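Only one structure is covered here, and it is reproduced in the block below.
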Amino acid sequence: MTSKERVMCSLQWQEPDRVPIQTYLTPEIQKKLENYFGTNDVLQSLGVDFRNIVPKYQGKVKEPQNGIVYDMWGTGYKSITNSVGTYQEAVILPLANLKTMDDVKKYNWPDPDYYDFSGVGEFCEMFKDYAICVGNAAIPDILNGVSRGRGMEQVMMDIALSDEIGMAIIDKRVNFYYEYIKRSLEAAKGKIDIVCLGEDCGNQNGKMFSEKDFNNIFRPRIKKFIDLAHNFGAKAMMHSCGDTHELMDDFIEMGLDIEDAMQPEPAGMDPETIRAKCKGRLVFCGLISTQQTLPYGTVQQCREEARHRLDVIAKGGGYIFSPAHCIQPDTPLENILAIYEEALTKNLIDCRRDIERYNF
C-alpha cells in the first residue's frame, strides 16, 4: 500500500498492511533524530504517512526588538529556556489593549492575501502517494491562539461572559483561518485528504468549558471548518489535549472524523474504554504517552505500550499510531526509536553505540 492508501483504509475502518504512522516533535528531538539518521528527512525515516502543505507567508511582521520576535497577529515572543529545552513564550499581548469595538476595527489584522497558495497543487503532486494535510493544531485554536495575544484569564472571561469585544477578536481569528483553509482546498482541487484543526477542549481532569459555552461558542465555529473539509471531499481532524471523553459524542455529532493528540493519562481516557465508546464513529490519533511512558519509561515499557496500541486499539482500523503530543527534549532517543520499531516491525536502532557516542 502507498501511505495514502494505508491512511484512507484505516479511516474507512478497515485494517491496512500496517498501522498509519504520525509524529510530533520538538525542535530538539527533531535535531537529535536528524543526527541519528544522518538525514533531515525524519518523516521518511520514521515511516510517517502524512505530509503537510504550508502555503508561503509573504506578509510583513514587526521587526524583532530586544530578543523579542513577533507573529502576524502582533504578539511578541521571548525564548525561555528551562532544564530540558527552549520555548517561545508570549510576552507582548497587543490584543489585551483592545477595549472597544472601534479598537477592534482599527487593529492591523492579518489578511489571507498575505499567503501564496500557488504552490499547493505542485506540493500535492509531489507527495501524491502520502496522505496530504493542510492546517495544524493552531487552527482555529480559539482559547490558546487568542490567549497568546490577549491573555488566558481575559479570554476565559470573554467566553464566560460572551463579551462583545472578546467575541469579535475570536471571530477575527476564526474567519481568517477559515479563508486560509478554504483557499488551500480550492488550490488543491480535491487533492487534500485531511484538514487539520485544533482546540484544547479538555484538561487533565475533564472538559474545559460548560456545556452552554461549548455549544454557543465552540461548536458553531469549529463545525464550519469540519463542514468546509467535507465540502471538498476531505476528512477533518482536530487536536484536543486532555480528557475529552465527555465530548466525544459531540465531536461525532459535529461530523469530526479524527480526534488527534489523544492523551492516555487522564482518568477518563483509558484507551480501551474510549475505543469501545467510539469504534466505527471516531478515528483516534495518538495514545502513546508523552507524559509518562516515553520520557520516563524503559525501552521495554515503551515497546509494551506501543504493542498494546497496535494489537488492541488498531484492530479493525480507525487508529493512527502517534505520540500524544510533541515529544519533549528530555525523552531518551532509544525510547522514541523503540515505539516506531514496533509500528514498522523493523529495526531502526542499527547501532546503539551511536546513541552513547552522540550523548543522546
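Every chain in the C-alpha cells takes a letter, A first, then B, and so on in the order presented; its residues are numbered from 1, and the ligands are numbered from 1 following the presented order.
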Practice prompt. Identify, with DSSP run on backbone atoms, the residues in range 49-276 of chain A assigned to alpha helix (DSSP H), and express the list as a PyMOL selection string.
Written response: chain A and resi 101-106+120-126+142-150+152-161+164-188+211-213+219-231+248-254+271-276
Worksheet entry | Polymer residues at most 10 Å from range 59-62 of chain A, only C-alpha atoms, same-chain spacing of 4 or more positions, as number ranges by chain | A: 68-76, 110-116
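Every protein or nucleic acid residue with an atom no more than 8 Å from Ile21 in chain A, counting only C-alpha atoms and leaving out same-chain residues fewer than 2 positions away, appears here: A:Val19, A:Thr23, A:Gly47, A:Val48, A:Asp49, A:Phe50, A:Ile320, A:Phe321, A:Ser322, A:Ala343.
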Worksheet entry | All residues 10 Å or closer to Thr331 in chain A, only C-alpha atoms, same chain fewer than 5 positions away omitted, as JSON, numbers by chain | {"A": [29, 84, 290, 291, 292, 293, 294, 295, 296, 297, 336, 360]}
Hey, can you spit out that residue selection with N, CA and C atoms as a PDB file, in the first residue's frame?
```pdb
ATOM      1  N   ILE A  29      14.245  17.375  19.635  1.00  0.00           N
ATOM      2  CA  ILE A  29      14.135  15.969  19.245  1.00  0.00           C
ATOM      3  C   ILE A  29      14.291  15.817  17.739  1.00  0.00           C
ATOM      4  N   VAL A  84      15.382  21.472  30.173  1.00  0.00           N
ATOM      5  CA  VAL A  84      15.428  20.496  29.077  1.00  0.00           C
ATOM      6  C   VAL A  84      15.278  21.088  27.683  1.00  0.00           C
ATOM      7  N   THR A 290       3.223  10.776  26.177  1.00  0.00           N
ATOM      8  CA  THR A 290       4.374  11.683  26.190  1.00  0.00           C
ATOM      9  C   THR A 290       4.564  12.329  27.560  1.00  0.00           C
ATOM     10  N   GLN A 291       3.697  11.981  28.514  1.00  0.00           N
ATOM     11  CA  GLN A 291       3.841  12.496  29.871  1.00  0.00           C
ATOM     12  C   GLN A 291       4.553  11.503  30.784  1.00  0.00           C
ATOM     13  N   GLN A 292       4.388  10.207  30.485  1.00  0.00           N
ATOM     14  CA  GLN A 292       4.945   9.197  31.381  1.00  0.00           C
ATOM     15  C   GLN A 292       5.833   8.193  30.657  1.00  0.00           C
ATOM     16  N   THR A 293       5.253   7.402  29.766  1.00  0.00           N
ATOM     17  CA  THR A 293       5.980   6.263  29.216  1.00  0.00           C
ATOM     18  C   THR A 293       7.186   6.673  28.387  1.00  0.00           C
ATOM     19  N   LEU A 294       6.990   7.550  27.411  1.00  0.00           N
ATOM     20  CA  LEU A 294       8.108   7.918  26.540  1.00  0.00           C
ATOM     21  C   LEU A 294       9.246   8.606  27.295  1.00  0.00           C
ATOM     22  N   PRO A 295       8.978   9.594  28.133  1.00  0.00           N
ATOM     23  CA  PRO A 295      10.105  10.253  28.805  1.00  0.00           C
ATOM     24  C   PRO A 295      10.683   9.471  29.977  1.00  0.00           C
ATOM     25  N   TYR A 296       9.880   8.706  30.684  1.00  0.00           N
ATOM     26  CA  TYR A 296      10.328   8.104  31.950  1.00  0.00           C
ATOM     27  C   TYR A 296      10.323   6.578  31.968  1.00  0.00           C
ATOM     28  N   GLY A 297       9.722   5.959  30.969  1.00  0.00           N
ATOM     29  CA  GLY A 297       9.670   4.504  30.948  1.00  0.00           C
ATOM     30  C   GLY A 297      10.937   3.880  30.412  1.00  0.00           C
ATOM     31  N   ILE A 336      12.094   6.577  21.805  1.00  0.00           N
ATOM     32  CA  ILE A 336      11.402   7.011  20.586  1.00  0.00           C
ATOM     33  C   ILE A 336      11.559   5.962  19.492  1.00  0.00           C
ATOM     34  N   PHE A 360      23.016  11.048  23.265  1.00  0.00           N
ATOM     35  CA  PHE A 360      21.570  11.223  23.146  1.00  0.00           C
ATOM     36  C   PHE A 360      20.871  10.714  24.397  1.00  0.00           C
TER      37      PHE A 360
END
```
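When CA of Asp141 in chain A is paired with CA of Cys124 in chain A, their separation reads 25.3 Å.
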When you look at Val283 in chain A with a cut-off of 7 Å (counting only C-alpha atoms), what residues show up, excluding the ones that are within fewer than 3 positions of it in the same chain? I need them as a compact mmCIF listing (two decimals) with C-alpha atoms, in the first residue's frame.
```txt
# COMPACT_ATOMS: atom_id res chain seq x y z
CA LEU A 11 -10.14 5.92 8.10
CA ASP A 257 -13.62 12.26 11.57
CA ILE A 258 -10.39 12.07 13.61
CA GLU A 259 -9.52 13.20 17.12
CA GLY A 318 -9.68 3.56 12.85
CA TYR A 319 -6.35 4.30 14.54
```
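Here CA of Cys302 in chain A stands at a distance of 17.5 Å from CA of Ala261 in chain A.
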Item to complete: Please measure the separation of CA of Gln12 in chain A and CA of Ile132 in chain A, giving the value in Å to one decimal.
Response: 16.4 Å
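Residues in contact with Asn144 in chain A at up to 9 Å, not including ones fewer than 5 positions away on its chain and judged by only C-alpha atoms, are A:Ala138, A:Gly151, A:Met152, A:Val155, A:Glu199, A:Asp200.
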Worksheet entry | Pick from A:Arg281, A:Lys56, A:Lys182, A:His325, whichever lies nearest to Ser118 in chain A using only C-alpha atoms | A:Lys56
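Taking only C-alpha atoms into account, Ile217 in chain A lies nearest to A:Val174 out of the set A:Ser79, A:Val174, A:Gly255, A:Ala131.
Using only C-alpha atoms, the shortest contact distance between Tyr87 in chain A and any of A:Ser162, A:Ser147, A:Thr26, A:Asn136 is found at A:Thr26.
Ranking A:Ile159, A:Cys285, A:Ala234, A:Leu46 by their shortest atom-to-atom distance to Ile339 in chain A, with only C-alpha atoms included, puts A:Leu46 first.
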Worksheet entry | Secondary structure check, strand (DSSP E) residues of range 146-252 of chain A, as a ChimeraX atom specification | /A:194-198,202-203,206-207,235-239
Could the residues in this selection be written to a file with N, CA and C atoms, as an mmCIF file, in the first residue's frame?
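Once everything was written out, this is result14.cif:
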```
data_model
loop_
_atom_site.group_PDB
_atom_site.id
_atom_site.type_symbol
_atom_site.label_atom_id
_atom_site.label_comp_id
_atom_site.auth_asym_id
_atom_site.auth_seq_id
_atom_site.Cartn_x
_atom_site.Cartn_y
_atom_site.Cartn_z
ATOM 1 N N ILE A 194 -6.919 15.567 4.317
ATOM 2 C CA ILE A 194 -7.280 15.845 5.711
ATOM 3 C C ILE A 194 -7.083 17.322 6.021
ATOM 4 N N VAL A 195 -8.073 17.948 6.630
ATOM 5 C CA VAL A 195 -7.946 19.298 7.180
ATOM 6 C C VAL A 195 -7.650 19.159 8.671
ATOM 7 N N CYS A 196 -6.532 19.725 9.095
ATOM 8 C CA CYS A 196 -6.094 19.610 10.491
ATOM 9 C C CYS A 196 -6.499 20.853 11.271
ATOM 10 N N LEU A 197 -7.172 20.640 12.397
ATOM 11 C CA LEU A 197 -7.669 21.706 13.254
ATOM 12 C C LEU A 197 -7.148 21.512 14.670
ATOM 13 N N GLY A 198 -7.425 22.471 15.524
ATOM 14 C CA GLY A 198 -7.015 22.329 16.915
ATOM 15 C C GLY A 198 -7.875 23.160 17.849
ATOM 16 N N GLY A 202 -10.206 19.924 26.598
ATOM 17 C CA GLY A 202 -10.107 19.228 27.874
ATOM 18 C C GLY A 202 -8.834 19.569 28.615
ATOM 19 N N ASN A 203 -8.859 19.343 29.928
ATOM 20 C CA ASN A 203 -7.646 19.413 30.740
ATOM 21 C C ASN A 203 -7.439 18.045 31.377
ATOM 22 N N GLY A 206 -10.903 16.818 33.003
ATOM 23 C CA GLY A 206 -12.191 16.801 32.334
ATOM 24 C C GLY A 206 -12.295 17.905 31.301
ATOM 25 N N LYS A 207 -13.517 18.190 30.885
ATOM 26 C CA LYS A 207 -13.710 19.186 29.836
ATOM 27 C C LYS A 207 -13.437 20.595 30.365
ATOM 28 N N LYS A 235 -11.311 14.760 4.960
ATOM 29 C CA LYS A 235 -11.657 14.422 6.332
ATOM 30 C C LYS A 235 -11.231 15.580 7.245
ATOM 31 N N ALA A 236 -11.843 15.655 8.418
ATOM 32 C CA ALA A 236 -11.497 16.677 9.402
ATOM 33 C C ALA A 236 -10.887 16.020 10.630
ATOM 34 N N MET A 237 -9.716 16.500 11.023
ATOM 35 C CA MET A 237 -9.022 16.002 12.212
ATOM 36 C C MET A 237 -8.809 17.165 13.167
ATOM 37 N N MET A 238 -9.109 16.959 14.441
ATOM 38 C CA MET A 238 -8.932 18.033 15.413
ATOM 39 C C MET A 238 -8.079 17.586 16.586
ATOM 40 N N HIS A 239 -7.029 18.344 16.846
ATOM 41 C CA HIS A 239 -6.188 18.180 18.028
ATOM 42 C C HIS A 239 -6.965 18.680 19.244
#
```
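If only C-alpha atoms are the atoms counted, then among A:Pro94, A:Gly286, A:Gly280, A:Pro16 the closest residue to Met262 in chain A is A:Gly286.
The residue that comes closest to Glu179 in chain A, out of A:Lys224, A:Lys191, A:Lys31, A:Arg303 and on the basis of only C-alpha atoms, is A:Lys224.
Those residues that approach Val104 in chain A to within 12 Å, counting only C-alpha atoms, are Pro94, Leu95, Ala96, Asn97, Leu98, Lys99, Thr100, Met101, Asp102, Lys106, Tyr107, Asn108, Trp109, Glu164, Ile165, Gly166, Met167, Ala168, Ile169, Ile170, Asp171, Lys172 and Arg173 of chain A; same-chain residues fewer than 2 positions away are not listed.
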